[in-house]
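> Can you keep this structure in mind? I'll have questions shortly.
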Amino acid sequence: MNKNSSNIMALAPNTSNKRETVCIFGTGDFGRALGQKMIQSGYPVVFGSRSPQTSNLIPKEAEVLSHTEAAQKAAIIIIAIQRQHYDFLTPLAEILRGKVLVDVSNNLKINQYPESNAEYLAQLVPGAKAVKAFNTVSAWALQSGTLDASRQVFVCGDDMEAKQMVMDIVRALGLTPLDQGSLLAAQEIENYPLQLFPMWKFPIFLSLGLTAFFFFYCLIRDVIYSYVYENKDYSFFIAISIPNRICPVVALILLALVYLPGVLAAIIQLYRGTKYSRFPDWLDKWMLCRKQLGLVALAFAFLHVFYTLIIPIRYYVRWRTEDGIISKALSNKTDPFNNTNGWLSDSYLALGILGFFFFVLLGITSLPSVSNSVNWREFRFVQSKLGYLTLILCTAHTLVYGGNRFLSPSSYRWYLPNAYMLSLIIPCIVLILKFVLIFPCLDRQLTQIRQGWERNPQY
Amino acid sequence: MNKNSSNIMALAPNTSNKRETVCIFGTGDFGRALGQKMIQSGYPVVFGSRSPQTSNLIPKEAEVLSHTEAAQKAAIIIIAIQRQHYDFLTPLAEILRGKVLVDVSNNLKINQYPESNAEYLAQLVPGAKAVKAFNTVSAWALQSGTLDASRQVFVCGDDMEAKQMVMDIVRALGLTPLDQGSLLAAQEIENYPLQLFPMWKFPIFLSLGLTAFFFFYCLIRDVIYSYVYENKDYSFFIAISIPNRICPVVALILLALVYLPGVLAAIIQLYRGTKYSRFPDWLDKWMLCRKQLGLVALAFAFLHVFYTLIIPIRYYVRWRTEDGIISKALSNKTDPFNNTNGWLSDSYLALGILGFFFFVLLGITSLPSVSNSVNWREFRFVQSKLGYLTLILCTAHTLVYGGNRFLSPSSYRWYLPNAYMLSLIIPCIVLILKFVLIFPCLDRQLTQIRQGWERNPQY
Amino acid sequence: MNKNSSNIMALAPNTSNKRETVCIFGTGDFGRALGQKMIQSGYPVVFGSRSPQTSNLIPKEAEVLSHTEAAQKAAIIIIAIQRQHYDFLTPLAEILRGKVLVDVSNNLKINQYPESNAEYLAQLVPGAKAVKAFNTVSAWALQSGTLDASRQVFVCGDDMEAKQMVMDIVRALGLTPLDQGSLLAAQEIENYPLQLFPMWKFPIFLSLGLTAFFFFYCLIRDVIYSYVYENKDYSFFIAISIPNRICPVVALILLALVYLPGVLAAIIQLYRGTKYSRFPDWLDKWMLCRKQLGLVALAFAFLHVFYTLIIPIRYYVRWRTEDGIISKALSNKTDPFNNTNGWLSDSYLALGILGFFFFVLLGITSLPSVSNSVNWREFRFVQSKLGYLTLILCTAHTLVYGGNRFLSPSSYRWYLPNAYMLSLIIPCIVLILKFVLIFPCLDRQLTQIRQGWERNPQY
């Protein structure tokens, strides 16, 4: 097996290299990994350590000196030490004057300290130029060279030149620097690696809530009702039949919730006659997590598809089919073919397949690399036009699935309608509102408002 | 819910920031959004406006001055005003001398004006340095910070330094500048956001044409024929049965059309004995949209797979199966197992699954982020070797599906062969031609030609 | 059809362009394509040729001169000539002194020459500054402008300034330069375009080996055994039934092998009491190809899913069902519904669907563009937590599939257990070891070790 492509780096000790020496304070895991990577990229590296004996872990091309000696050799000093030990820097203040101090530290909790580590560092050594960087990269990623996770390095600092020097190093290591502004951004940069899918929390909790609700709803209608009235044990419905009721219902509701905020925003704009008032906070937040809502909906749709496709393999279904056929054969009666049922059955399946197809297409175009390669007009075409087409197809799929069962009394056990009927409420509201909004009179006014026209201009 | 990661920006009014002031002419939607983003990235911003009262919509960190005053404060002036109002700049010519004017405007139609907006701006203020930029970014994307769509900002201009200054700002805002050359490129940059999938038009229209043709073809063979001769109403075939004939047929034809131009190009090169003559224009265009053709073919194959998988759930199929079994049970006769049919049925299904698997693999490797991480040799291996394997598997799938029905008279209703027979023509031609081309004698000559050898060198 | 978006480039002969002239030695395919692209990006281009007549293939905006004349016009000279002809440069040494020579050559084999072409070039013309670049870009990609494959250009060289000049050109052409360090890296950069999925070799050979083993294993158990003892010809099982035994088995084993090295590493670290000793080489290599192992496993799981879903369409299955029903109808006996079987059948299907769902999720998050947009904590959450969940679900799927057949004697033909039983060995070992490792006493110690604590510190 060959070396990994991202390892195409040369150890360059004896070349006419003009890169400037970098000093690293701290010989811990991260410091060493960073030092190794820098040496590979052609930087002479000096480690500053309390106990400057050469350890076999430190890259042998690097010098290990005392903090003072090491700091004097370089213009850039990377502080690869935990925040609680930063006070050892105070006595070094004179030597560090004018140097660039790079804070690479992370905390254990979000907002652990009142001020960010980088700002704390800047206060401790006011004569130096503090820059926050490298905290989003892990020692493991640096060592293995695979960099499976992000190559992005957020950089911030008050001194432009210092920041530029650090960003040049980032680039030379094969990483992507992202300038995030002044040192005030350090707090958020330090919180970033501690986040766990913040934009996904609301969609996931919402979908889990809906799942739990519909689980108990279906449990009552399909298992407990049958047990009470027919004394039949359908508890095994929990494995597939009930999930296959929950998944399409949750998927359809979430998909409708992707398009509801856009419709509400349009109504608010039409009502206010201007686009220059802020939307309510909840609406802003809702609009920002539409992509995540849509992808969670796609996950439920995916499960629905596979739960449906394995239906003919289920023992229960095979047994029921067999039992039905045998009893018909024994009683010597056959059903004639019902053309309406043929149409209904084929239509709802075809609508479902087409809806799933466009849903998958939407999912693919929301991949970062795909959405980066389309222009704004194409992105809006896909997410809006194809999105509404998907919603229409999925709603129609559910309506046709209901077919002539909507009015059948057997659909209302304990006065509870089938779950799919509940799932139709929000999609139908969204589609009706959208239909009203594309009436020429409203659409023209909305377009004007969105281009900046105001009904009651303020000045 | 936490803030979005791409919002990691600090408001930096009181830091020792050395970024240079940027002036924005126009306090409209886009101007304000851009100003807000620049302030967040640490740029002091001055707005130039006809009516320089402070509006509550303008970011409060920004100054609003008259055009003249604002222009004097900055070296870079962003013209966030529509083209038809550009003439207000003529009287300001003296103040704008030597400044960098950034044209961010877009048009409503492709090639709306004879010259691009940026060139028009350069003519109006000849003493200034016009740069085209930011027109591909939307106000919404800047405001929301989500930047779902592209982060790419095309930049062009005749003055290298001015362009560099603008590209630095683009980078500081977290966007990706792409240098597109001189101001002559402005026309295409202005057309870019108005394009709607230009590379996809031919493949999509072609596939829609094929779909329409085969729809009527199958309608005649499967619905109208049965209605005329057997007086049976199979109109519900329109929902699933006919689409499931169209999809595989169109997918196979499109897939073969992906590989046909390569084969034709090889034949042309062999015939001419050189690679240094241009291919006919239609062949060039065809070769450039092969990826899109292949992806449309994959979409049809995807639909075919799901249309096929739901076959056992269809009411019509369940009814037919039931009816068949009951009539056999009543007439007390059973078919013995036919080993040939077992082989044929399992083989065509297995070939179809493998074909679909490699097809999906091809689709995944054509994702921009995947194809960016492979080298040229790997890309060619996947797209050529795996591509031909897919074509062979899918053609074999269709051939085995036909099985011993090719010669059965029931396959020729009204002298019309089954649709799948028609779909085999192009794939078989492609595969035979390719097979001939890999004969050593031809392959060797072709390799020589592609390495630059000429049969009749011109000089 | 419109022009491709990546063609947004302007021919810029007559603008106030300040870009510096670039000289290209060699008017072959690659040299011309590169020259064309540079002209489009605003660089004046001069070709150096043995026979400086203007050919109709050379872009007409470029001058063609003798080598000496061309070299004098530019500071950067691109050597678009094959290595074996480099000696023509020796007499030009005086003119080339101090110039930047860009080696763009590739070899035909990995490690074809003892030293890289770029180092050979540097030796031939010691007074010039050799830089390696552009070898990963193909002439076809430059000409067509589509750049389907990678936009990455690896650059290396001993002179920082020369390298920077070349990287600026790379960026101006719309490509992404990646600084790979000193000229020592040239060997690996020259090998890179010749590699064919080096990280995939081990996973693919392993999976092919497992496939072959289980193919013959199942052939013996399912086809030959039946033929010998029951004299039945089940040879058509080779098409679907046997692949559908192999695929899940190989997928499960490969998935377990993704998580085994992590468990082994933890045990080694616990045993040694330190993380500062190198893992054995085989373990390091294994850990680096875990992603590829997982994706190959996903491919087998994908095939398993589709092989399973088409079961009800197979002629053999339809015939068997029909035959069973008819014989039951004729003998007038019906099986009662078995609730345990209902539970078992539905559970193993549900577990399989959920396992496949999380497996696909893992696959999507390993797409480069997705993994680049998550932070390190999120990446670990997905790959570790969701990964183990997938392994648990898939193992449970197989266990429940076995159900009460584990002890049935019919499962042991010729003392060979069913293939799925063999596939459970490694997953169960991994899950048990992992379960032991998350016991608080071990987990606490492991966390300490991973944070740098050592049981027997060396110094």
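Residues are named by chain letter and number: chains run A, B, ... in the order of the structure tokens, numbers start at 1 in each chain, and ligands are numbered from 1 in the order shown.
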Any chance you could tabulate, as JSON lines, the residues of chain C at most 8 Å from chain A with each one's nearest atom pair and distance in Å to one decimal, using only C-alpha atoms, in chain and rising number order?

{"residue": "C:Asp158", "atom": "CA", "partner": "A:Ser16", "partner_atom": "CA", "distance": 5.9}
{"residue": "C:Asp159", "atom": "CA", "partner": "A:Asn17", "partner_atom": "CA", "distance": 6.5}
{"residue": "C:Met160", "atom": "CA", "partner": "A:Lys18", "partner_atom": "CA", "distance": 6.3}
{"residue": "C:Leu178", "atom": "CA", "partner": "A:Gly174", "partner_atom": "CA", "distance": 6.3}
{"residue": "C:Asp179", "atom": "CA", "partner": "A:Ala172", "partner_atom": "CA", "distance": 5.9}
{"residue": "C:Gln180", "atom": "CA", "partner": "A:Met9", "partner_atom": "CA", "distance": 5.2}
{"residue": "C:Gly181", "atom": "CA", "partner": "A:Ser41", "partner_atom": "CA", "distance": 4.9}
{"residue": "C:Ser182", "atom": "CA", "partner": "A:Ala12", "partner_atom": "CA", "distance": 5.9}
{"residue": "C:Leu183", "atom": "CA", "partner": "A:Ala10", "partner_atom": "CA", "distance": 7.7}
{"residue": "C:Leu184", "atom": "CA", "partner": "A:Ala10", "partner_atom": "CA", "distance": 5.5}
{"residue": "C:Ala185", "atom": "CA", "partner": "A:Ala10", "partner_atom": "CA", "distance": 4.7}
{"residue": "C:Glu188", "atom": "CA", "partner": "A:Ile8", "partner_atom": "CA", "distance": 5.8}
{"residue": "C:Ile189", "atom": "CA", "partner": "A:Ile8", "partner_atom": "CA", "distance": 6.6}
{"residue": "C:Tyr192", "atom": "CA", "partner": "A:Ser5", "partner_atom": "CA", "distance": 6.9}
{"residue": "C:Pro198", "atom": "CA", "partner": "A:Asn2", "partner_atom": "CA", "distance": 5.5}
{"residue": "C:Met199", "atom": "CA", "partner": "A:Asn4", "partner_atom": "CA", "distance": 6.7}
{"residue": "C:Lys201", "atom": "CA", "partner": "A:Met1", "partner_atom": "CA", "distance": 6.9}
{"residue": "C:Phe202", "atom": "CA", "partner": "A:Met1", "partner_atom": "CA", "distance": 7.0}
{"residue": "C:Tyr276", "atom": "CA", "partner": "A:Leu57", "partner_atom": "CA", "distance": 7.2}
{"residue": "C:Leu288", "atom": "CA", "partner": "A:Ser144", "partner_atom": "CA", "distance": 7.5}
{"residue": "C:Leu309", "atom": "CA", "partner": "A:Ile310", "partner_atom": "CA", "distance": 6.3}
{"residue": "C:Ile311", "atom": "CA", "partner": "A:Ile313", "partner_atom": "CA", "distance": 7.7}
{"residue": "C:Pro312", "atom": "CA", "partner": "A:Pro312", "partner_atom": "CA", "distance": 6.7}
{"residue": "C:Ile325", "atom": "CA", "partner": "A:Glu322", "partner_atom": "CA", "distance": 6.2}
{"residue": "C:Ile326", "atom": "CA", "partner": "A:Ile326", "partner_atom": "CA", "distance": 7.8}
{"residue": "C:Lys328", "atom": "CA", "partner": "A:Ile326", "partner_atom": "CA", "distance": 7.5}
{"residue": "C:Ala329", "atom": "CA", "partner": "A:Ile326", "partner_atom": "CA", "distance": 5.3}
{"residue": "C:Asn332", "atom": "CA", "partner": "A:Leu330", "partner_atom": "CA", "distance": 7.5}
{"residue": "C:Thr334", "atom": "CA", "partner": "A:Asp323", "partner_atom": "CA", "distance": 7.0}
{"residue": "C:Phe337", "atom": "CA", "partner": "A:Trp319", "partner_atom": "CA", "distance": 7.0}
{"residue": "C:Asn339", "atom": "CA", "partner": "A:Phe236", "partner_atom": "CA", "distance": 7.7}
{"residue": "C:Asn341", "atom": "CA", "partner": "A:Tyr315", "partner_atom": "CA", "distance": 7.0}
{"residue": "C:Gly342", "atom": "CA", "partner": "A:Tyr316", "partner_atom": "CA", "distance": 5.6}
{"residue": "C:Trp343", "atom": "CA", "partner": "A:Phe236", "partner_atom": "CA", "distance": 5.0}
{"residue": "C:Ser345", "atom": "CA", "partner": "A:Tyr315", "partner_atom": "CA", "distance": 5.9}
{"residue": "C:Asp346", "atom": "CA", "partner": "A:Ala239", "partner_atom": "CA", "distance": 5.7}
{"residue": "C:Ser347", "atom": "CA", "partner": "A:Ala239", "partner_atom": "CA", "distance": 5.5}
{"residue": "C:Leu349", "atom": "CA", "partner": "A:Ile310", "partner_atom": "CA", "distance": 7.6}
{"residue": "C:Ala350", "atom": "CA", "partner": "A:Ala239", "partner_atom": "CA", "distance": 6.0}
{"residue": "C:Ile353", "atom": "CA", "partner": "A:Phe306", "partner_atom": "CA", "distance": 6.7}
{"residue": "C:Leu354", "atom": "CA", "partner": "A:Leu303", "partner_atom": "CA", "distance": 7.6}
{"residue": "C:Phe357", "atom": "CA", "partner": "A:Leu303", "partner_atom": "CA", "distance": 7.1}
{"residue": "C:Ser366", "atom": "CA", "partner": "A:Asp148", "partner_atom": "CA", "distance": 7.8}
{"residue": "C:Pro368", "atom": "CA", "partner": "A:Asp148", "partner_atom": "CA", "distance": 7.5}
{"residue": "C:Ser369", "atom": "CA", "partner": "A:Ser369", "partner_atom": "CA", "distance": 5.5}
{"residue": "C:Val370", "atom": "CA", "partner": "A:Pro368", "partner_atom": "CA", "distance": 6.5}
{"residue": "C:Ser371", "atom": "CA", "partner": "A:Ala149", "partner_atom": "CA", "distance": 5.1}
{"residue": "C:Asn372", "atom": "CA", "partner": "A:Ser150", "partner_atom": "CA", "distance": 3.9}
{"residue": "C:Ser373", "atom": "CA", "partner": "A:Ser150", "partner_atom": "CA", "distance": 6.0}
{"residue": "C:Val374", "atom": "CA", "partner": "A:Ser150", "partner_atom": "CA", "distance": 6.3}
{"residue": "C:Asn375", "atom": "CA", "partner": "A:Pro193", "partner_atom": "CA", "distance": 5.6}
{"residue": "C:Trp376", "atom": "CA", "partner": "A:Ala149", "partner_atom": "CA", "distance": 6.0}
{"residue": "C:Arg377", "atom": "CA", "partner": "A:Pro193", "partner_atom": "CA", "distance": 6.2}
{"residue": "C:Glu378", "atom": "CA", "partner": "A:Leu196", "partner_atom": "CA", "distance": 5.5}
{"residue": "C:Phe379", "atom": "CA", "partner": "A:Ala149", "partner_atom": "CA", "distance": 6.3}
{"residue": "C:Gly452", "atom": "CA", "partner": "A:Asp29", "partner_atom": "CA", "distance": 7.2}
> Tell me, which residues of segment 142-251 of chain C carry DSSP helix (DSSP H, G or I), written as a compact mmCIF listing (two decimals) with N, CA and C atoms, in the first residue's frame?

# COMPACT_ATOMS: atom_id res chain seq x y z
N LEU C 142 -7.46 21.45 -19.43
CA LEU C 142 -7.17 22.85 -19.70
C LEU C 142 -7.91 23.34 -20.94
N GLN C 143 -7.93 22.50 -21.98
CA GLN C 143 -8.56 22.89 -23.23
C GLN C 143 -10.07 23.00 -23.09
N SER C 144 -10.67 21.98 -22.51
CA SER C 144 -12.12 21.95 -22.48
C SER C 144 -12.67 22.93 -21.46
N MET C 160 11.58 30.02 -2.18
CA MET C 160 10.25 30.47 -1.75
C MET C 160 9.63 31.45 -2.73
N GLU C 161 10.44 32.41 -3.19
CA GLU C 161 9.89 33.44 -4.06
C GLU C 161 9.46 32.85 -5.39
N ALA C 162 10.30 31.98 -5.94
CA ALA C 162 9.97 31.35 -7.22
C ALA C 162 8.67 30.56 -7.08
N LYS C 163 8.56 29.85 -5.97
CA LYS C 163 7.36 29.05 -5.74
C LYS C 163 6.14 29.96 -5.66
N GLN C 164 6.30 31.09 -4.97
CA GLN C 164 5.19 32.03 -4.82
C GLN C 164 4.75 32.56 -6.19
N MET C 165 5.71 32.85 -7.05
CA MET C 165 5.37 33.35 -8.39
C MET C 165 4.55 32.32 -9.16
N VAL C 166 4.98 31.06 -9.05
CA VAL C 166 4.26 30.00 -9.76
C VAL C 166 2.86 29.82 -9.17
N MET C 167 2.77 29.88 -7.84
CA MET C 167 1.46 29.70 -7.21
C MET C 167 0.51 30.83 -7.58
N ASP C 168 1.04 32.02 -7.80
CA ASP C 168 0.17 33.12 -8.24
C ASP C 168 -0.40 32.84 -9.62
N ILE C 169 0.43 32.27 -10.50
CA ILE C 169 -0.07 31.93 -11.83
C ILE C 169 -1.15 30.86 -11.73
N VAL C 170 -0.88 29.84 -10.90
CA VAL C 170 -1.85 28.76 -10.73
C VAL C 170 -3.19 29.33 -10.30
N ARG C 171 -3.14 30.24 -9.32
CA ARG C 171 -4.38 30.84 -8.82
C ARG C 171 -5.07 31.64 -9.91
N ALA C 172 -4.30 32.36 -10.71
CA ALA C 172 -4.89 33.19 -11.76
C ALA C 172 -5.58 32.33 -12.81
N LEU C 183 11.94 20.85 -3.04
CA LEU C 183 12.00 20.07 -4.27
C LEU C 183 12.09 18.56 -4.00
N LEU C 184 12.42 18.19 -2.76
CA LEU C 184 12.44 16.77 -2.43
C LEU C 184 11.06 16.14 -2.60
N ALA C 185 10.02 16.96 -2.52
CA ALA C 185 8.66 16.44 -2.66
C ALA C 185 8.32 16.11 -4.11
N ALA C 186 9.18 16.54 -5.04
CA ALA C 186 8.85 16.39 -6.47
C ALA C 186 8.61 14.92 -6.83
N GLN C 187 9.41 14.03 -6.24
CA GLN C 187 9.26 12.60 -6.55
C GLN C 187 7.82 12.14 -6.28
N GLU C 188 7.32 12.51 -5.11
CA GLU C 188 5.95 12.08 -4.78
C GLU C 188 4.92 12.78 -5.63
N ILE C 189 5.18 14.06 -5.93
CA ILE C 189 4.24 14.79 -6.79
C ILE C 189 4.21 14.17 -8.18
N GLU C 190 5.37 13.70 -8.66
CA GLU C 190 5.39 13.06 -9.98
C GLU C 190 4.74 11.69 -9.96
N ASN C 191 4.80 11.03 -8.81
CA ASN C 191 4.13 9.73 -8.70
C ASN C 191 2.63 9.87 -8.57
N TYR C 192 2.18 11.01 -7.98
CA TYR C 192 0.76 11.15 -7.67
C TYR C 192 -0.17 10.88 -8.84
N PRO C 193 0.06 11.48 -10.03
CA PRO C 193 -0.91 11.23 -11.11
C PRO C 193 -0.87 9.81 -11.64
N LEU C 194 0.13 9.04 -11.25
CA LEU C 194 0.21 7.65 -11.72
C LEU C 194 -0.48 6.69 -10.76
N PRO C 198 -4.55 4.29 -4.29
CA PRO C 198 -3.67 3.49 -3.41
C PRO C 198 -4.33 3.12 -2.08
N MET C 199 -5.14 4.02 -1.52
CA MET C 199 -5.75 3.72 -0.22
C MET C 199 -6.85 2.68 -0.33
N TRP C 200 -7.33 2.42 -1.53
CA TRP C 200 -8.44 1.50 -1.72
C TRP C 200 -7.97 0.09 -1.97
N LYS C 201 -6.67 -0.08 -2.26
CA LYS C 201 -6.22 -1.40 -2.70
C LYS C 201 -6.48 -2.46 -1.64
N PHE C 202 -6.04 -2.20 -0.40
CA PHE C 202 -6.20 -3.20 0.64
C PHE C 202 -7.68 -3.53 0.88
N PRO C 203 -8.56 -2.53 1.09
CA PRO C 203 -9.97 -2.88 1.30
C PRO C 203 -10.56 -3.66 0.13
N ILE C 204 -10.21 -3.29 -1.10
CA ILE C 204 -10.83 -3.97 -2.23
C ILE C 204 -10.31 -5.40 -2.37
N PHE C 205 -8.99 -5.60 -2.20
CA PHE C 205 -8.47 -6.97 -2.28
C PHE C 205 -9.03 -7.82 -1.15
N LEU C 206 -9.11 -7.24 0.05
CA LEU C 206 -9.67 -7.98 1.18
C LEU C 206 -11.11 -8.41 0.88
N SER C 207 -11.90 -7.47 0.36
CA SER C 207 -13.30 -7.81 0.12
C SER C 207 -13.42 -8.82 -1.01
N LEU C 208 -12.55 -8.73 -2.02
CA LEU C 208 -12.59 -9.72 -3.09
C LEU C 208 -12.22 -11.09 -2.55
N GLY C 209 -11.21 -11.12 -1.66
CA GLY C 209 -10.83 -12.39 -1.05
C GLY C 209 -11.98 -13.00 -0.26
N LEU C 210 -12.61 -12.19 0.56
CA LEU C 210 -13.75 -12.68 1.34
C LEU C 210 -14.87 -13.14 0.43
N THR C 211 -15.11 -12.37 -0.64
CA THR C 211 -16.17 -12.73 -1.58
C THR C 211 -15.88 -14.10 -2.19
N ALA C 212 -14.66 -14.32 -2.62
CA ALA C 212 -14.31 -15.60 -3.25
C ALA C 212 -14.48 -16.73 -2.24
N PHE C 213 -13.99 -16.52 -1.02
CA PHE C 213 -14.11 -17.57 -0.01
C PHE C 213 -15.57 -17.93 0.22
N PHE C 214 -16.42 -16.92 0.47
CA PHE C 214 -17.81 -17.21 0.79
C PHE C 214 -18.58 -17.71 -0.43
N PHE C 215 -18.12 -17.34 -1.63
CA PHE C 215 -18.77 -17.87 -2.81
C PHE C 215 -18.64 -19.39 -2.85
N PHE C 216 -17.40 -19.88 -2.68
CA PHE C 216 -17.22 -21.33 -2.73
C PHE C 216 -17.88 -22.01 -1.53
N TYR C 217 -17.83 -21.37 -0.38
CA TYR C 217 -18.47 -21.90 0.82
C TYR C 217 -19.97 -22.11 0.57
N CYS C 218 -20.63 -21.06 0.02
CA CYS C 218 -22.07 -21.16 -0.22
C CYS C 218 -22.37 -22.11 -1.37
N LEU C 219 -21.48 -22.14 -2.36
CA LEU C 219 -21.67 -23.04 -3.48
C LEU C 219 -21.72 -24.48 -2.97
N ILE C 220 -20.81 -24.81 -2.06
CA ILE C 220 -20.79 -26.16 -1.51
C ILE C 220 -22.05 -26.43 -0.72
N ARG C 221 -22.42 -25.50 0.17
CA ARG C 221 -23.56 -25.74 1.05
C ARG C 221 -24.89 -25.74 0.28
N ASP C 222 -25.06 -24.81 -0.64
CA ASP C 222 -26.39 -24.59 -1.20
C ASP C 222 -26.61 -25.28 -2.54
N VAL C 223 -25.56 -25.39 -3.35
CA VAL C 223 -25.76 -25.98 -4.68
C VAL C 223 -25.28 -27.43 -4.70
N ILE C 224 -24.01 -27.66 -4.32
CA ILE C 224 -23.44 -29.01 -4.45
C ILE C 224 -24.12 -29.98 -3.48
N TYR C 225 -24.35 -29.56 -2.23
CA TYR C 225 -25.02 -30.41 -1.25
C TYR C 225 -26.39 -30.86 -1.77
N SER C 226 -27.17 -29.88 -2.27
CA SER C 226 -28.50 -30.22 -2.78
C SER C 226 -28.40 -31.16 -3.96
N TYR C 227 -27.37 -30.95 -4.78
CA TYR C 227 -27.22 -31.78 -5.95
C TYR C 227 -26.87 -33.20 -5.56
N VAL C 228 -25.97 -33.34 -4.55
CA VAL C 228 -25.51 -34.65 -4.13
C VAL C 228 -26.62 -35.40 -3.40
N TYR C 229 -27.26 -34.75 -2.42
CA TYR C 229 -28.21 -35.46 -1.57
C TYR C 229 -29.63 -35.47 -2.10
N GLU C 230 -30.02 -34.33 -2.75
CA GLU C 230 -31.42 -34.26 -3.18
C GLU C 230 -31.53 -34.36 -4.70
N SER C 235 -28.33 -24.64 -9.60
CA SER C 235 -27.19 -23.85 -10.08
C SER C 235 -27.55 -22.38 -10.32
N PHE C 236 -28.84 -22.10 -10.61
CA PHE C 236 -29.22 -20.70 -10.85
C PHE C 236 -29.13 -19.86 -9.58
N PHE C 237 -28.90 -20.51 -8.42
CA PHE C 237 -28.65 -19.75 -7.18
C PHE C 237 -27.43 -18.84 -7.32
N ILE C 238 -26.54 -19.18 -8.28
CA ILE C 238 -25.33 -18.39 -8.46
C ILE C 238 -25.65 -16.94 -8.81
N PRO C 243 -25.04 -14.57 -4.21
CA PRO C 243 -24.58 -13.19 -3.97
C PRO C 243 -25.28 -12.55 -2.77
N ASN C 244 -26.57 -12.85 -2.61
CA ASN C 244 -27.29 -12.24 -1.50
C ASN C 244 -26.94 -12.88 -0.16
N ARG C 245 -26.19 -13.96 -0.15
CA ARG C 245 -25.60 -14.45 1.10
C ARG C 245 -24.24 -13.82 1.31
N ILE C 246 -23.49 -13.67 0.21
CA ILE C 246 -22.12 -13.14 0.31
C ILE C 246 -22.14 -11.68 0.74
N CYS C 247 -23.01 -10.90 0.09
CA CYS C 247 -22.97 -9.45 0.32
C CYS C 247 -23.17 -9.07 1.78
N PRO C 248 -24.23 -9.55 2.44
CA PRO C 248 -24.38 -9.12 3.84
C PRO C 248 -23.24 -9.60 4.72
N VAL C 249 -22.74 -10.81 4.44
CA VAL C 249 -21.67 -11.39 5.24
C VAL C 249 -20.40 -10.54 5.11
N VAL C 250 -20.02 -10.21 3.87
CA VAL C 250 -18.81 -9.41 3.66
C VAL C 250 -19.01 -8.01 4.22
N ALA C 251 -20.21 -7.44 4.02
CA ALA C 251 -20.47 -6.09 4.53
C ALA C 251 -20.30 -6.04 6.04
> Find the spatial neighbours of Gln123 of chain C, counting only C-alpha atoms, within a cut-off of 12 Å - ignore same-chain residues fewer than 3 positions away - and output them as a PyMOL selection string.
chain C and resi 86-87+89-90+93+101+115-120+126-130+183
> Let's have the selection written as an mmCIF file, in the first residue's frame, with C-alpha atoms.

data_model
loop_
_atom_site.group_PDB
_atom_site.id
_atom_site.type_symbol
_atom_site.label_atom_id
_atom_site.label_comp_id
_atom_site.auth_asym_id
_atom_site.auth_seq_id
_atom_site.Cartn_x
_atom_site.Cartn_y
_atom_site.Cartn_z
ATOM 1 C CA TYR C 86 16.117 18.087 -21.122
ATOM 2 C CA ASP C 87 19.806 18.136 -22.148
ATOM 3 C CA LEU C 89 18.893 23.134 -21.744
ATOM 4 C CA THR C 90 22.576 22.748 -20.803
ATOM 5 C CA ALA C 93 22.492 27.680 -18.806
ATOM 6 C CA LEU C 101 12.080 26.926 -14.441
ATOM 7 C CA GLU C 115 15.679 11.217 -9.013
ATOM 8 C CA SER C 116 12.558 13.182 -9.869
ATOM 9 C CA ASN C 117 12.389 15.075 -13.173
ATOM 10 C CA ALA C 118 12.356 18.386 -11.320
ATOM 11 C CA GLU C 119 15.505 17.512 -9.368
ATOM 12 C CA TYR C 120 17.167 16.359 -12.590
ATOM 13 C CA PRO C 126 22.027 24.792 -11.349
ATOM 14 C CA GLY C 127 21.814 28.562 -11.759
ATOM 15 C CA ALA C 128 18.031 28.532 -12.219
ATOM 16 C CA LYS C 129 15.291 28.059 -9.622
ATOM 17 C CA ALA C 130 13.429 24.842 -10.325
ATOM 18 C CA LEU C 183 12.000 20.069 -4.271
#
> Between B:Thr365, B:Thr395, B:Asn231, B:Gln72, which residue has the minimum interatomic distance to Ala256 of chain B, considering only C-alpha atoms?
B:Thr395
> What lies within 12 Å of segment 266-271 of chain B using only C-alpha atoms, ignoring chain neighbours under 6 positions off, as a list in words?
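Listed by chain and then number, they are Tyr259, Leu260, Ser277, Arg278, Phe279, Pro280, Leu283, Val430, Leu433, Lys434, Val436, Leu437, Ile438, Cys441, Leu442, Asp443, Arg444, Gln445, Leu446, Thr447, Gln448, Ile449, Arg450, Gln451, Gly452, Trp453, Glu454, Arg455 and Asn456 of chain B.
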